[in-house]
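> Below you will find the structure I want to go over with you.
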Amino acid sequence: MEYTHLGRTGLKVSRLALGTMNFGPQTTEADSHAIMDRAIEHGLNFFDTANVYGWEMGKGITEQIVGRWFAQGGGRREKVVLATKLYGSMSDWPNDTFLSARNIRLACDASLKRLQTDWLDLYQMHHVDRATPWEEIWEAFDVLRTQGKVLYFGSSNFAGWHLARAQEAATKLGMLGLVSEQSLYNLAVRTVELELLPAAQGYGIGVIPWSPLYGGVLGGILRKSNEGRAVGERSVERLAEHRQQVEQYEAFCDELGEHPADVGLAWLLSRPGVTAPIIGPRTAEQLDNSLRALDLVLDDAANDRLDQIWPGPGGTAPEAYAW
C-alpha cells in the first residue's frame, strides 16, 4: 500500500480511502466487516463514513456497523484513520441539522457513540452552511479538539472561495483549520479543476475525490450491460448522456489492456493535490480489484488521449475563461 500525508499535516493515509456508504443498504453487516478486515490486510487505513449513511434503513446504521467492527478489538480502531461527517438532518427537529455550535456538539457525541470510539481522526462538514458564521463553527470545533474528541477537520462539497473563507477565519483564531476537502471529481466531472483544486493546493488542503468512477459510468458500464449484469437507474441515465464518450473510453482501455475502473482511479491518483479517491466496494473481491490502480502508471500519451475523450474546463481560473 502507498501512503501520503493528509494535506499539510503529518498524518499518513493510504492512497485509496474506503468508503462505507454501501454498508447496510447494499452490503450486509457480515460482508461489511469482511471488507474492512480485508482493507486492513491490504494496509488500507483510511475509512470514510457519515452520520446520515444508512439512508432508508435508518440514518446512523452505517456508523453502527463500523462501530461494531471496531468493538471486535484486535487493534482495529488503532489501525484506522477514521473520518465521518455532519450536516444532514438526523431528525425532524430544527437543530439536528447543519453546523450550529449546538449541532456540532451533539452530532459529534452521537457519532462517537455509534462508532464505539473515543475520538475521530477527521471530522468533516458534509456541505456548506451559509447561515452559520465561521467564528461559531470554528469555536465549536476548537472545543471538540480541546476535549480530545477530534484531531483534524475537513470539508466536503465546498467551492474554492468557501475554502478561502473557512481557512482565513481559522487562521484569525490561531487554528490549523481545514486539512481536507471531499469533492465530486472524476474523468467525466472535472469542474473542481477550475478553482477548487488550486485553492486547496494553495492552502495545503488535501483533496479526497468522491464518486471517482461516476457511479459506475467509468467502471466498465458497457461491458456490464452487454453481459446482462444489473446497472443502476442513475448510471443508465448518465450513460445515455455520455454514451459516445464512454464507448471511446472503454475502447481505449481495451487498447491499454486495462480495466476501465483501474484507468479511472489511476488517472485520479496522478492528479496534483489529490490525496485519496474514495472507493465504495460492495464485496471484498471488488476491494481487491481496486488495488491494481495503485500500480498503474499512465504515460503522457495516455493522459492526452483521456483529455481528448473527457476534456476538462480548459485550465484553471482565470485563464480558463479570460486571458
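By order of appearance in the C-alpha cells: chains A, B, ..., then residues from 1 within every chain, and ligands from 1 in the order shown.
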Using DSSP on the backbone coordinates, identify all residues within stretch 125-253 of chain A classified as strand (DSSP E); present the result as an mmCIF file with C-alpha atoms, in the first residue's frame.


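And here is the file that came out, states.cif:
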data_model
loop_
_atom_site.group_PDB
_atom_site.id
_atom_site.type_symbol
_atom_site.label_atom_id
_atom_site.label_comp_id
_atom_site.auth_asym_id
_atom_site.auth_seq_id
_atom_site.Cartn_x
_atom_site.Cartn_y
_atom_site.Cartn_z
ATOM 1 C CA MET A 125 -18.585 19.282 7.173
ATOM 2 C CA VAL A 150 -11.455 15.252 17.131
ATOM 3 C CA LEU A 151 -7.929 15.615 15.768
ATOM 4 C CA TYR A 152 -8.453 17.195 12.333
ATOM 5 C CA PHE A 153 -11.239 18.962 10.446
ATOM 6 C CA GLY A 154 -12.238 18.830 6.810
ATOM 7 C CA SER A 155 -14.937 19.914 4.386
ATOM 8 C CA SER A 156 -16.961 18.372 1.600
ATOM 9 C CA LEU A 178 -9.147 22.642 7.141
ATOM 10 C CA VAL A 179 -6.827 19.802 6.191
ATOM 11 C CA SER A 180 -9.020 18.104 3.573
ATOM 12 C CA GLU A 181 -11.863 18.645 1.121
ATOM 13 C CA GLN A 182 -14.078 15.924 -0.344
ATOM 14 C CA SER A 183 -15.229 16.814 -3.839
ATOM 15 C CA LEU A 184 -17.009 15.190 -6.749
ATOM 16 C CA GLY A 206 -5.769 17.518 0.608
ATOM 17 C CA VAL A 207 -8.484 16.666 -1.929
ATOM 18 C CA ILE A 208 -10.430 13.430 -1.444
ATOM 19 C CA PRO A 209 -12.459 12.691 -4.593
ATOM 20 C CA TRP A 210 -15.835 11.037 -4.118
#

> Give me the residues of stretch 219-279 of chain A that have any atom at most 9 Å from an atom of stretch 283-301 of chain A; for each, the nearest atom pair and the distance in Å, rounded to one decimal. Use only C-alpha atoms, sort by chain and number, and format it as CSV.


residue,atom,partner,partner_atom,distance
A:Glu258,CA,A:Leu296,CA,8.8
A:Ala261,CA,A:Ser290,CA,7.7
A:Asp262,CA,A:Ala293,CA,4.7
A:Val263,CA,A:Ala293,CA,6.8
A:Gly264,CA,A:Ala293,CA,8.2
A:Leu265,CA,A:Ala293,CA,5.8
A:Ala266,CA,A:Ala293,CA,4.8
A:Trp267,CA,A:Leu298,CA,7.1
A:Leu269,CA,A:Leu294,CA,7.8
A:Ser270,CA,A:Val297,CA,8.2
A:Ile279,CA,A:Ser290,CA,7.8

> Write out as a ChimeraX atom specification which residues come within 9 Å of A:Asp31 when counting only C-alpha atoms, dropping same-chain ones fewer than 3 positions away.

/A:23,27-28,34-36,282-284

> Closest to A:Arg15 among A:Tyr214, A:Trp55, A:Tyr321, A:Tyr3, using only C-alpha atoms?

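Of A:Tyr214, A:Trp55, A:Tyr321, A:Tyr3, the one nearest A:Arg15, counting only C-alpha atoms, is A:Tyr3.
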
> Have a look at atom CA of A:Pro25 and atom CA of A:Arg38 and let me know their distance in Å, one decimal.

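Computing the Euclidean distance for atom CA of A:Pro25 and atom CA of A:Arg38 yields 19.9 Å.
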
> Could you tell me which of A:Glu247, A:Asp254, A:Asp129, A:Asp118 comes closest to A:Gly148 if we count only C-alpha atoms?

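Answer, going by the shortest atom-to-atom distance: A:Asp118.
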
> So that I can check the surroundings of A:Gly220, please list as a short mmCIF file (atom, residue, chain, number, x, y, z; two decimals) with all heavy atoms, in the first residue's frame every protein, DNA and RNA residue that reaches within 10 Å of it, counting only C-alpha atoms and ignoring chain neighbours fewer than 4 positions away.


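And here's part_33.cif as it stands now:
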data_model
loop_
_atom_site.label_atom_id
_atom_site.label_comp_id
_atom_site.auth_asym_id
_atom_site.auth_seq_id
_atom_site.Cartn_x
_atom_site.Cartn_y
_atom_site.Cartn_z
N LEU A 213 -15.56 6.95 -9.96
CA LEU A 213 -15.95 6.25 -11.20
C LEU A 213 -17.32 6.71 -11.68
O LEU A 213 -17.96 6.05 -12.50
CB LEU A 213 -15.92 4.74 -10.98
CG LEU A 213 -14.56 4.16 -10.59
CD1 LEU A 213 -14.65 2.67 -10.38
CD2 LEU A 213 -13.50 4.51 -11.64
N GLY A 216 -20.17 4.29 -11.48
CA GLY A 216 -20.03 3.11 -12.34
C GLY A 216 -19.90 3.41 -13.81
O GLY A 216 -19.55 2.52 -14.60
N LYS A 224 -20.65 -4.39 -18.57
CA LYS A 224 -21.64 -4.95 -17.67
C LYS A 224 -22.99 -5.09 -18.37
O LYS A 224 -23.68 -6.11 -18.23
CB LYS A 224 -21.78 -4.06 -16.43
CG LYS A 224 -20.56 -4.03 -15.54
CD LYS A 224 -20.75 -3.09 -14.36
CE LYS A 224 -19.50 -3.04 -13.50
NZ LYS A 224 -19.64 -2.08 -12.37
N SER A 225 -23.36 -4.06 -19.12
CA SER A 225 -24.65 -4.11 -19.82
C SER A 225 -24.68 -5.24 -20.84
O SER A 225 -25.67 -5.97 -20.97
CB SER A 225 -24.92 -2.76 -20.51
OG SER A 225 -25.01 -1.72 -19.57
N VAL A 246 -18.18 7.27 -23.41
CA VAL A 246 -17.96 6.00 -22.72
C VAL A 246 -17.48 4.94 -23.71
O VAL A 246 -16.57 4.15 -23.40
CB VAL A 246 -19.23 5.53 -21.99
CG1 VAL A 246 -19.05 4.12 -21.43
CG2 VAL A 246 -19.57 6.49 -20.85
N GLU A 247 -18.06 4.93 -24.90
CA GLU A 247 -17.63 3.96 -25.91
C GLU A 247 -16.17 4.18 -26.27
O GLU A 247 -15.39 3.23 -26.37
CB GLU A 247 -18.51 4.08 -27.15
CG GLU A 247 -19.94 3.57 -26.95
CD GLU A 247 -20.83 3.84 -28.16
OE1 GLU A 247 -20.39 4.61 -29.05
OE2 GLU A 247 -21.95 3.29 -28.20
N TYR A 249 -13.96 5.65 -24.40
CA TYR A 249 -13.16 5.39 -23.20
C TYR A 249 -12.90 3.90 -23.02
O TYR A 249 -11.75 3.48 -22.81
CB TYR A 249 -13.89 5.96 -21.98
CG TYR A 249 -13.25 5.66 -20.65
CD1 TYR A 249 -11.97 6.15 -20.34
CD2 TYR A 249 -13.91 4.90 -19.69
CE1 TYR A 249 -11.38 5.88 -19.12
CE2 TYR A 249 -13.33 4.64 -18.46
CZ TYR A 249 -12.07 5.12 -18.18
OH TYR A 249 -11.49 4.86 -16.95
N GLU A 250 -13.94 3.10 -23.12
CA GLU A 250 -13.76 1.67 -22.91
C GLU A 250 -12.93 1.05 -24.03
O GLU A 250 -12.15 0.13 -23.80
CB GLU A 250 -15.12 0.98 -22.78
CG GLU A 250 -15.86 1.38 -21.50
CD GLU A 250 -16.97 0.43 -21.11
OE1 GLU A 250 -17.03 -0.69 -21.66
OE2 GLU A 250 -17.79 0.82 -20.25
N CYS A 253 -9.38 1.85 -23.13
CA CYS A 253 -8.93 0.98 -22.04
C CYS A 253 -8.59 -0.41 -22.57
O CYS A 253 -7.63 -1.05 -22.11
CB CYS A 253 -9.99 0.88 -20.95
SG CYS A 253 -10.24 2.43 -20.04
N HIS A 259 -8.55 -2.52 -17.16
CA HIS A 259 -9.97 -2.37 -16.86
C HIS A 259 -10.30 -0.88 -16.73
O HIS A 259 -9.50 -0.11 -16.17
CB HIS A 259 -10.32 -3.09 -15.57
CG HIS A 259 -11.79 -3.26 -15.36
ND1 HIS A 259 -12.59 -2.23 -14.89
CD2 HIS A 259 -12.62 -4.32 -15.57
CE1 HIS A 259 -13.85 -2.67 -14.81
NE2 HIS A 259 -13.89 -3.92 -15.21
N PRO A 260 -11.44 -0.44 -17.24
CA PRO A 260 -11.80 0.98 -17.14
C PRO A 260 -11.76 1.53 -15.71
O PRO A 260 -11.34 2.67 -15.50
CB PRO A 260 -13.23 1.00 -17.71
CG PRO A 260 -13.27 -0.15 -18.66
CD PRO A 260 -12.42 -1.21 -18.03
N ALA A 261 -12.19 0.75 -14.73
CA ALA A 261 -12.18 1.23 -13.35
C ALA A 261 -10.75 1.54 -12.90
O ALA A 261 -10.51 2.54 -12.21
CB ALA A 261 -12.82 0.20 -12.43
N ASP A 262 -9.81 0.69 -13.29
CA ASP A 262 -8.41 0.90 -12.89
C ASP A 262 -7.84 2.14 -13.55
O ASP A 262 -7.08 2.90 -12.94
CB ASP A 262 -7.57 -0.33 -13.25
CG ASP A 262 -8.03 -1.57 -12.50
OD1 ASP A 262 -8.56 -1.43 -11.39
OD2 ASP A 262 -7.85 -2.68 -13.05
#

> Any idea what's packed within 12 Å of A:Leu11, counting only C-alpha atoms, ignoring anything in its chain fewer than 3 positions away? Could you give it as JSON, numbers by chain?

{"A": [3, 4, 5, 6, 7, 8, 14, 45, 46, 80, 81, 82, 121, 122, 151, 152, 179, 180, 206, 275]}
